[in-house]
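A.B. asks: The following file, my_file_34.txt, comprises compact mmCIF, C-alpha atoms and all ligand atoms:
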```
# COMPACT_ATOMS: atom_id res chain seq x y z
CA LEU A 1 0.00 0.00 0.00
CA CYS A 2 2.86 2.38 0.83
CA ALA A 3 4.18 2.06 -2.72
CA LEU A 4 0.93 3.46 -4.18
CA PRO A 5 1.10 7.01 -5.53
CA ALA A 6 -0.47 9.60 -3.24
CA GLY A 7 -4.19 9.94 -3.76
CA THR A 8 -4.62 6.40 -5.13
CA ARG A 9 -7.54 4.59 -3.59
CA ALA A 10 -6.69 1.09 -2.48
CA LEU A 11 -9.36 -1.55 -2.20
CA VAL A 12 -8.76 -4.14 0.47
CA PHE A 13 -10.65 -7.39 0.00
CA TRP A 14 -11.60 -9.44 3.01
CA PRO A 15 -12.60 -13.08 2.76
CA ILE A 16 -16.34 -13.47 3.21
CA ASN A 17 -16.15 -14.73 6.80
CA MET A 18 -13.57 -12.02 7.60
CA ALA A 19 -11.92 -14.71 9.62
CA SER A 20 -9.26 -17.34 9.62
CA GLY A 21 -11.57 -19.80 11.33
CA LEU A 22 -13.46 -22.66 9.82
CA PHE A 23 -17.22 -23.05 9.86
CA ILE A 24 -18.83 -26.50 9.62
CA THR A 25 -22.57 -27.11 9.87
CA LEU A 26 -24.45 -30.35 10.43
CA GLU A 27 -27.94 -30.60 8.97
CA GLY A 28 -30.63 -33.19 8.51
CA VAL A 29 -34.11 -34.39 9.43
CA GLU A 30 -35.22 -35.36 12.95
CA GLY A 31 -33.26 -38.20 14.49
CA SER A 32 -30.43 -38.10 11.96
CA GLY A 33 -27.79 -38.04 14.71
CA LYS A 34 -26.45 -34.50 14.19
CA THR A 35 -25.99 -33.74 17.87
CA THR A 36 -24.04 -36.94 18.55
CA GLN A 37 -21.86 -36.41 15.49
CA ALA A 38 -21.23 -32.71 16.26
CA ALA A 39 -19.87 -33.68 19.69
CA ILE A 40 -17.70 -36.49 18.28
CA LEU A 41 -16.30 -34.25 15.53
CA GLY A 42 -15.63 -31.46 18.03
CA ASP A 43 -13.65 -33.81 20.31
CA ALA A 44 -11.67 -35.22 17.37
CA LEU A 45 -10.71 -31.78 16.04
CA ARG A 46 -9.79 -30.54 19.52
CA LYS A 47 -7.28 -33.40 19.76
CA ASN A 48 -5.55 -31.84 16.73
CA GLY A 49 -4.85 -28.85 18.94
CA ARG A 50 -7.17 -26.28 17.36
CA PRO A 51 -9.74 -24.44 19.45
CA VAL A 52 -13.21 -25.72 18.66
CA THR A 53 -16.66 -24.34 19.48
CA VAL A 54 -19.60 -26.72 19.20
CA THR A 55 -22.91 -24.89 19.14
CA HIS A 56 -26.49 -25.33 17.94
CA GLU A 57 -29.59 -23.63 16.54
CA PRO A 58 -32.13 -22.73 17.59
CA GLY A 59 -30.30 -21.59 20.73
CA GLY A 60 -26.59 -21.19 21.31
CA THR A 61 -26.99 -17.83 23.05
CA ARG A 62 -29.01 -16.61 26.04
CA ALA A 63 -31.52 -14.84 23.80
CA GLY A 64 -31.52 -17.87 21.51
CA GLU A 65 -32.43 -20.31 24.27
CA THR A 66 -35.43 -18.14 25.15
CA ILE A 67 -36.47 -17.96 21.49
CA ARG A 68 -35.96 -21.74 21.22
CA ALA A 69 -38.41 -22.35 24.06
CA ILE A 70 -41.18 -20.50 22.18
CA PHE A 71 -40.13 -21.98 18.82
CA LEU A 72 -40.39 -25.60 19.95
CA ASP A 73 -43.30 -25.39 22.43
CA PRO A 74 -46.12 -27.61 21.09
CA ALA A 75 -48.64 -25.49 23.02
CA VAL A 76 -47.64 -22.38 21.01
CA SER A 77 -49.24 -21.92 17.61
CA LEU A 78 -47.19 -19.88 15.15
CA ASP A 79 -47.93 -18.45 11.74
CA VAL A 80 -45.32 -19.46 9.12
CA ALA A 81 -44.00 -15.88 8.96
CA SER A 82 -43.69 -15.66 12.75
CA GLU A 83 -41.97 -19.01 12.88
CA LEU A 84 -39.49 -17.89 10.22
CA LEU A 85 -38.75 -14.53 11.83
CA LEU A 86 -38.27 -16.14 15.24
CA VAL A 87 -35.66 -18.58 13.99
CA LEU A 88 -33.95 -15.81 12.02
CA ALA A 89 -33.83 -13.59 15.11
CA ASP A 90 -32.18 -16.49 16.89
CA ARG A 91 -29.65 -16.81 14.04
CA ALA A 92 -28.89 -13.08 13.87
CA GLN A 93 -27.99 -13.13 17.56
CA HIS A 94 -26.02 -16.38 17.29
CA VAL A 95 -23.95 -15.05 14.38
CA ARG A 96 -23.11 -11.75 15.99
CA GLU A 97 -22.64 -12.91 19.58
CA LYS A 98 -20.96 -16.26 19.06
CA LEU A 99 -20.14 -17.45 15.53
CA ARG A 100 -18.40 -14.39 14.10
CA PRO A 101 -16.23 -13.73 17.20
CA ALA A 102 -15.15 -17.40 17.35
CA LEU A 103 -14.34 -17.47 13.61
CA ALA A 104 -12.46 -14.18 13.90
CA ALA A 105 -10.38 -15.75 16.66
CA GLY A 106 -9.44 -18.55 14.25
CA GLU A 107 -11.57 -21.26 15.85
CA ILE A 108 -13.23 -24.21 14.17
CA VAL A 109 -16.95 -23.69 14.72
CA ILE A 110 -19.35 -26.61 14.42
CA SER A 111 -23.05 -25.74 14.42
CA ASP A 112 -25.75 -28.34 14.89
CA ARG A 113 -28.18 -26.78 12.34
CA TYR A 114 -27.88 -23.41 10.60
CA SER A 115 -29.40 -21.58 7.63
CA ASP A 116 -30.08 -24.70 5.53
CA SER A 117 -32.51 -25.85 8.23
CA THR A 118 -34.56 -22.72 7.59
CA THR A 119 -34.58 -23.35 3.84
CA ALA A 120 -35.58 -26.97 4.42
CA TYR A 121 -38.15 -26.55 7.24
CA GLN A 122 -39.71 -23.13 6.65
CA GLY A 123 -39.11 -23.13 2.87
CA TYR A 124 -39.61 -26.67 1.59
CA GLY A 125 -41.57 -27.89 4.64
CA ARG A 126 -43.91 -24.97 5.31
CA GLY A 127 -43.88 -23.57 1.78
CA PHE A 128 -42.51 -20.08 2.54
CA ASP A 129 -41.28 -18.31 -0.61
CA LEU A 130 -37.71 -19.52 -1.15
CA LYS A 131 -36.42 -16.33 -2.75
CA LEU A 132 -37.59 -14.05 0.07
CA LEU A 133 -36.45 -16.63 2.62
CA GLY A 134 -32.99 -16.55 1.03
CA GLU A 135 -32.82 -12.78 1.35
CA LEU A 136 -33.96 -12.83 4.97
CA ASN A 137 -31.46 -15.60 5.70
CA ARG A 138 -28.71 -13.35 4.32
CA LEU A 139 -29.80 -10.60 6.69
CA ALA A 140 -29.62 -13.01 9.62
CA THR A 141 -26.30 -14.63 8.67
CA ASP A 142 -24.55 -11.36 7.78
CA ASN A 143 -22.55 -13.30 5.17
CA VAL A 144 -21.24 -15.86 7.63
CA THR A 145 -21.54 -18.92 5.41
CA PRO A 146 -20.39 -22.47 6.17
CA ASP A 147 -17.15 -23.71 4.62
CA LEU A 148 -18.61 -27.21 4.77
CA THR A 149 -22.11 -28.54 5.41
CA ILE A 150 -22.81 -32.17 6.18
CA VAL A 151 -26.36 -33.36 5.55
CA LEU A 152 -27.04 -36.53 7.53
CA ASP A 153 -29.65 -38.24 5.42
CA LEU A 154 -32.08 -41.01 6.29
CA GLN A 155 -35.70 -42.08 5.77
CA VAL A 156 -37.90 -39.78 7.83
CA GLU A 157 -39.77 -42.72 9.42
CA THR A 158 -36.50 -44.11 10.79
CA GLY A 159 -35.49 -40.71 12.15
CA LEU A 160 -38.90 -40.04 13.71
CA GLU A 161 -38.86 -43.46 15.39
CA ARG A 162 -35.49 -42.62 16.93
CA THR A 163 -36.74 -39.23 18.18
CA ARG A 164 -39.92 -40.70 19.65
CA ALA A 165 -37.99 -43.44 21.42
CA ARG A 166 -35.64 -40.78 22.82
CA ALA A 167 -38.57 -38.60 23.94
CA LYS A 168 -40.17 -41.58 25.67
CA GLY A 169 -36.87 -42.47 27.38
CA THR A 170 -36.44 -38.97 28.78
CA GLY A 171 -40.11 -38.60 29.66
CA ARG A 172 -40.60 -35.45 27.59
CA GLY A 173 -43.28 -35.05 24.95
CA SER A 174 -42.75 -34.32 21.24
CA ASP A 175 -41.83 -30.73 20.30
CA ARG A 176 -43.67 -28.65 17.66
CA PHE A 177 -41.69 -30.21 14.80
CA GLU A 178 -41.42 -33.79 16.03
CA GLY A 179 -45.22 -33.74 16.25
CA GLU A 180 -45.58 -32.89 12.52
CA ARG A 181 -46.76 -35.56 10.10
CA ALA A 182 -44.30 -37.70 8.15
CA GLU A 183 -45.39 -35.87 4.98
CA PHE A 184 -43.97 -32.59 6.34
CA HIS A 185 -40.67 -34.26 7.23
CA ARG A 186 -40.45 -35.83 3.77
CA LYS A 187 -40.63 -32.34 2.23
CA VAL A 188 -37.91 -31.20 4.64
CA ARG A 189 -35.71 -34.12 3.62
CA ASP A 190 -36.28 -33.32 -0.07
CA GLY A 191 -35.31 -29.74 0.75
CA PHE A 192 -31.95 -30.76 2.21
CA LEU A 193 -31.28 -32.98 -0.80
CA ALA A 194 -32.18 -30.14 -3.19
CA ILE A 195 -29.79 -27.77 -1.37
CA ALA A 196 -27.02 -30.39 -1.63
CA LYS A 197 -27.67 -30.81 -5.34
CA ALA A 198 -27.55 -27.05 -5.93
CA GLU A 199 -24.33 -26.52 -3.94
CA PRO A 200 -22.20 -29.66 -4.32
CA SER A 201 -18.94 -27.86 -3.48
CA ARG A 202 -20.23 -26.88 -0.02
CA VAL A 203 -22.68 -29.64 0.88
CA VAL A 204 -21.89 -33.32 1.39
CA VAL A 205 -24.71 -35.85 1.91
CA ILE A 206 -23.91 -38.79 4.18
CA ASP A 207 -26.12 -41.85 4.72
CA ALA A 208 -27.07 -41.66 8.40
CA ASP A 209 -28.94 -44.97 8.54
CA ARG A 210 -25.80 -46.79 9.66
CA PRO A 211 -23.89 -47.36 12.92
CA VAL A 212 -22.52 -44.18 14.53
CA ALA A 213 -18.87 -45.12 13.81
CA ALA A 214 -19.50 -45.52 10.07
CA VAL A 215 -21.15 -42.10 9.88
CA THR A 216 -18.34 -40.58 11.97
CA ALA A 217 -15.74 -41.96 9.55
CA ASP A 218 -17.48 -40.43 6.52
CA ILE A 219 -17.83 -37.07 8.25
CA ARG A 220 -14.15 -37.16 9.13
CA ARG A 221 -13.25 -37.89 5.51
CA ALA A 222 -15.33 -34.94 4.28
CA VAL A 223 -13.74 -32.61 6.86
CA ASP A 224 -10.21 -33.79 6.03
CA GLU A 225 -10.85 -33.28 2.31
CA MET A 226 -12.07 -29.77 2.97
CA LEU A 227 -9.04 -29.02 5.19
CA ALA A 228 -6.69 -30.34 2.50
CA ARG A 229 -8.26 -28.01 -0.07
CA ARG A 230 -7.62 -24.92 2.07
P1 LIG A 301 -33.76 -29.66 18.23
O1 LIG A 301 -34.30 -30.03 19.54
O2 LIG A 301 -32.53 -28.84 18.17
O3 LIG A 301 -33.64 -31.01 17.53
P2 LIG A 301 -32.82 -31.63 16.38
O4 LIG A 301 -32.07 -32.73 17.08
O5 LIG A 301 -33.83 -32.14 15.43
O6 LIG A 301 -31.91 -30.58 15.81
O7 LIG A 301 -34.93 -29.00 17.40
C1 LIG A 301 -34.80 -28.05 16.50
C2 LIG A 301 -36.03 -28.06 15.66
O8 LIG A 301 -36.17 -26.78 15.03
C3 LIG A 301 -35.98 -29.08 14.57
O9 LIG A 301 -37.19 -29.76 14.51
C4 LIG A 301 -35.83 -28.27 13.30
C5 LIG A 301 -36.37 -26.92 13.65
N1 LIG A 301 -35.73 -25.81 12.93
C6 LIG A 301 -36.42 -25.16 11.94
O10 LIG A 301 -37.58 -25.46 11.66
N2 LIG A 301 -35.82 -24.11 11.28
C7 LIG A 301 -34.55 -23.72 11.55
O11 LIG A 301 -34.04 -22.78 10.92
C8 LIG A 301 -33.84 -24.40 12.59
C9 LIG A 301 -32.44 -24.00 12.96
C10 LIG A 301 -34.47 -25.45 13.26
```
Can you present the structure in this file as structure tokens?

C.D. replies:
Amino acid sequence: LCALPAGTRALVFWPINMASGLFITLEGVEGSGKTTQAAILGDALRKNGRPVTVTHEPGGTRAGETIRAIFLDPAVSLDVASELLLVLADRAQHVREKLRPALAAGEIVISDRYSDSTTAYQGYGRGFDLKLLGELNRLATDNVTPDLTIVLDLQVETGLERTRARAKGTGRGSDRFEGERAEFHRKVRDGFLAIAKAEPSRVVVIDADRPVAAVTADIRRAVDEMLARR
């Protein structure tokens, strides 16, 4: 910059995330094992010596946990637009309070669900206009986009069975989404698969209807390939 003649305007380009960190998201239908795999991946990457933040949506911040309670409460009825704006408010806070600072500090951030869940659930599932949803998602994410997204894919019936068994085991009832019909969840699954098809360089689909260790190994391979490319 010093070598530029006086009066010359210099443009400085920042990478989109404005960060040296790495952002990985895990996505998928109910019961696809995202939470388990996010924890396993976080532990594995920590062993490599890099700081890792494992987080989730909805939630991940104080405001987010309060929003999450309304968002998932089966006793609360929400219009599609309200549902969308709630989850985006959660994301806007999560990005600014947690994700961006961690990425700026060079951390590996793993989020159990992120913007693709909104496209799949509120877009494909509920039928909200995908173009407007995309624009609103950009407002919420403030250009913090995943470097890698793993979609854990399985038949919705298998996933819902897992979630219901888990709910029974812990004595809690189904949340607002778990209580939806299989037809809704099939649209959500199709949504994730459509996102993966449209963005093959970012999104990797992994068959989640297998033992945990097999899924873990495939996730690890996808992460290592992405790290090697950088
Ligand atoms: P959660 O308890 O985190 O469960 P899961 O293990 O399925 O992630 O529930 C989050 C629910 O919120 C889940 O049913 C999907 C839904 N959701 C949306 O509808 N839109 C979104 O943008 C996000 C992040 C989640």

A.B. asks: Do you know which residues are at most 12 Å from Asp43 (chain A) counting only C-alpha atoms, after dropping those on the same chain fewer than 6 positions away, and could you put them as a list in words?

C.D. replies: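 Counting only C-alpha atoms, the residues come to Thr36, Gln37, Gly49, Arg50, Pro51, Val52, Thr53, Val54, Ile108, Ile110, Thr216 and Arg220 of chain A.
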
A.B. asks: Return the single residue from A:Val29, A:Pro74, A:Ile24, A:Ser82 that is closest to Arg202 (chain A), with distances computed using only C-alpha atoms.

C.D. replies: A:Ile24

A.B. asks: As a list in words, please: the residues near Glu27 (chain A) (cut-off 8 Å, all atoms listed in the file, same-chain neighbours under 5 positions excluded).

C.D. replies: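 Listing them by chain and then by number gives Lys34, Asp112, Arg113, Tyr114, Asp116, Ser117, Thr149, Ile150, Val151, Leu152 and Phe192 of chain A.
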
A.B. asks: Pick out the residues no farther than 6 Å from ligand LIG 301 (chain A), counting only C-alpha atoms and all ligand atoms, and list them as a tab-separated table (two decimals) with C-alpha atoms, keeping the file's coordinate frame.

C.D. replies:
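Saved file out_28.tsv follows:
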```
chain	number	residue	atom	x	y	z
A	30	GLU	CA	-35.22	-35.36	12.95
A	57	GLU	CA	-29.59	-23.63	16.54
A	58	PRO	CA	-32.13	-22.73	17.59
A	87	VAL	CA	-35.66	-18.58	13.99
A	113	ARG	CA	-28.18	-26.78	12.34
A	114	TYR	CA	-27.88	-23.41	10.60
A	115	SER	CA	-29.40	-21.58	7.63
A	117	SER	CA	-32.51	-25.85	8.23
A	118	THR	CA	-34.56	-22.72	7.59
A	121	TYR	CA	-38.15	-26.55	7.24
A	122	GLN	CA	-39.71	-23.13	6.65
A	177	PHE	CA	-41.69	-30.21	14.80
```

A.B. asks: Which residue out of A:Gln155, A:Arg210, A:Ser174, A:Lys197 has the minimum interatomic distance to Gly28 (chain A) when all atoms listed in the file are used?

C.D. replies: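 Closest to Gly28 (chain A) of all the choices is A:Gln155.
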
A.B. asks: What's the separation between CA of Gly191 (chain A) and CA of Arg126 (chain A), in Å to one decimal place?

C.D. replies: 10.8 Å

A.B. asks: With all atoms listed in the file as the basis for distance, which of A:Ala44, A:Val109, A:Ala69, A:Ala120 is at the shortest distance from Ile195 (chain A)?

C.D. replies: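 So, comparing all the options, the nearest one is A:Ala120.
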
A.B. asks: Between CA of Glu83 (chain A) and CA of Glu199 (chain A), what is the spacing in Å?

C.D. replies: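 Here the two named atoms are 25.5 Å from each other.
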
A.B. asks: CA of Ala222 (chain A) and CA of Ala39 (chain A) are how many Å apart?

C.D. replies: 16.1 Å

A.B. asks: Kindly indicate which residue among A:Gly21, A:Glu107, A:Arg172, A:Arg181 lies nearest to Arg46 (chain A), using all atoms listed in the file for the distances.

C.D. replies: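 Under the stated criterion, the closest residue is A:Glu107.
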
A.B. asks: Identify, on the basis of only C-alpha atoms, every residue whose closest approach to Glu97 (chain A) does not exceed 8 Å; exclude the query and any residue fewer than 4 positions from it along the same chain; express the result as a list in words.

C.D. replies: Thr61, Gln93 and Pro101 of chain A

A.B. asks: Would you output that residue set with C-alpha atoms, as a PDB file, keeping the file's coordinate frame?

C.D. replies:
```pdb
ATOM      1  CA  THR A  61     -26.990 -17.830  23.050  1.00  0.00           C
ATOM      2  CA  GLN A  93     -27.990 -13.130  17.560  1.00  0.00           C
ATOM      3  CA  PRO A 101     -16.230 -13.730  17.200  1.00  0.00           C
TER       4      PRO A 101
END
```

A.B. asks: Padding of 4 Å on every side, edges along x, y and z, all listed atoms of region 218-227 of chain A included: what centre and edge lengths in Å, to one decimal, does that box have, as JSON?

C.D. replies:
```
{"center_x": -13.4, "center_y": -34.7, "center_z": 5.7, "size_x": 16.8, "size_y": 19.4, "size_z": 14.8}
```

A.B. asks: Out of A:Glu180, A:Asp218, A:Asp147, A:Glu157, which residue has the shortest atom-to-atom distance to Thr25 (chain A) when counting only C-alpha atoms?

C.D. replies: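 Nearest to Thr25 (chain A): A:Asp147.
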
A.B. asks: Give the answer as one residue: which of A:Asp153, A:Ala104, A:Leu136, A:Pro146 has the shortest atom-to-atom distance to Leu84 (chain A), using all atoms listed in the file?

C.D. replies: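 Closest to Leu84 (chain A) of all the choices is A:Leu136.
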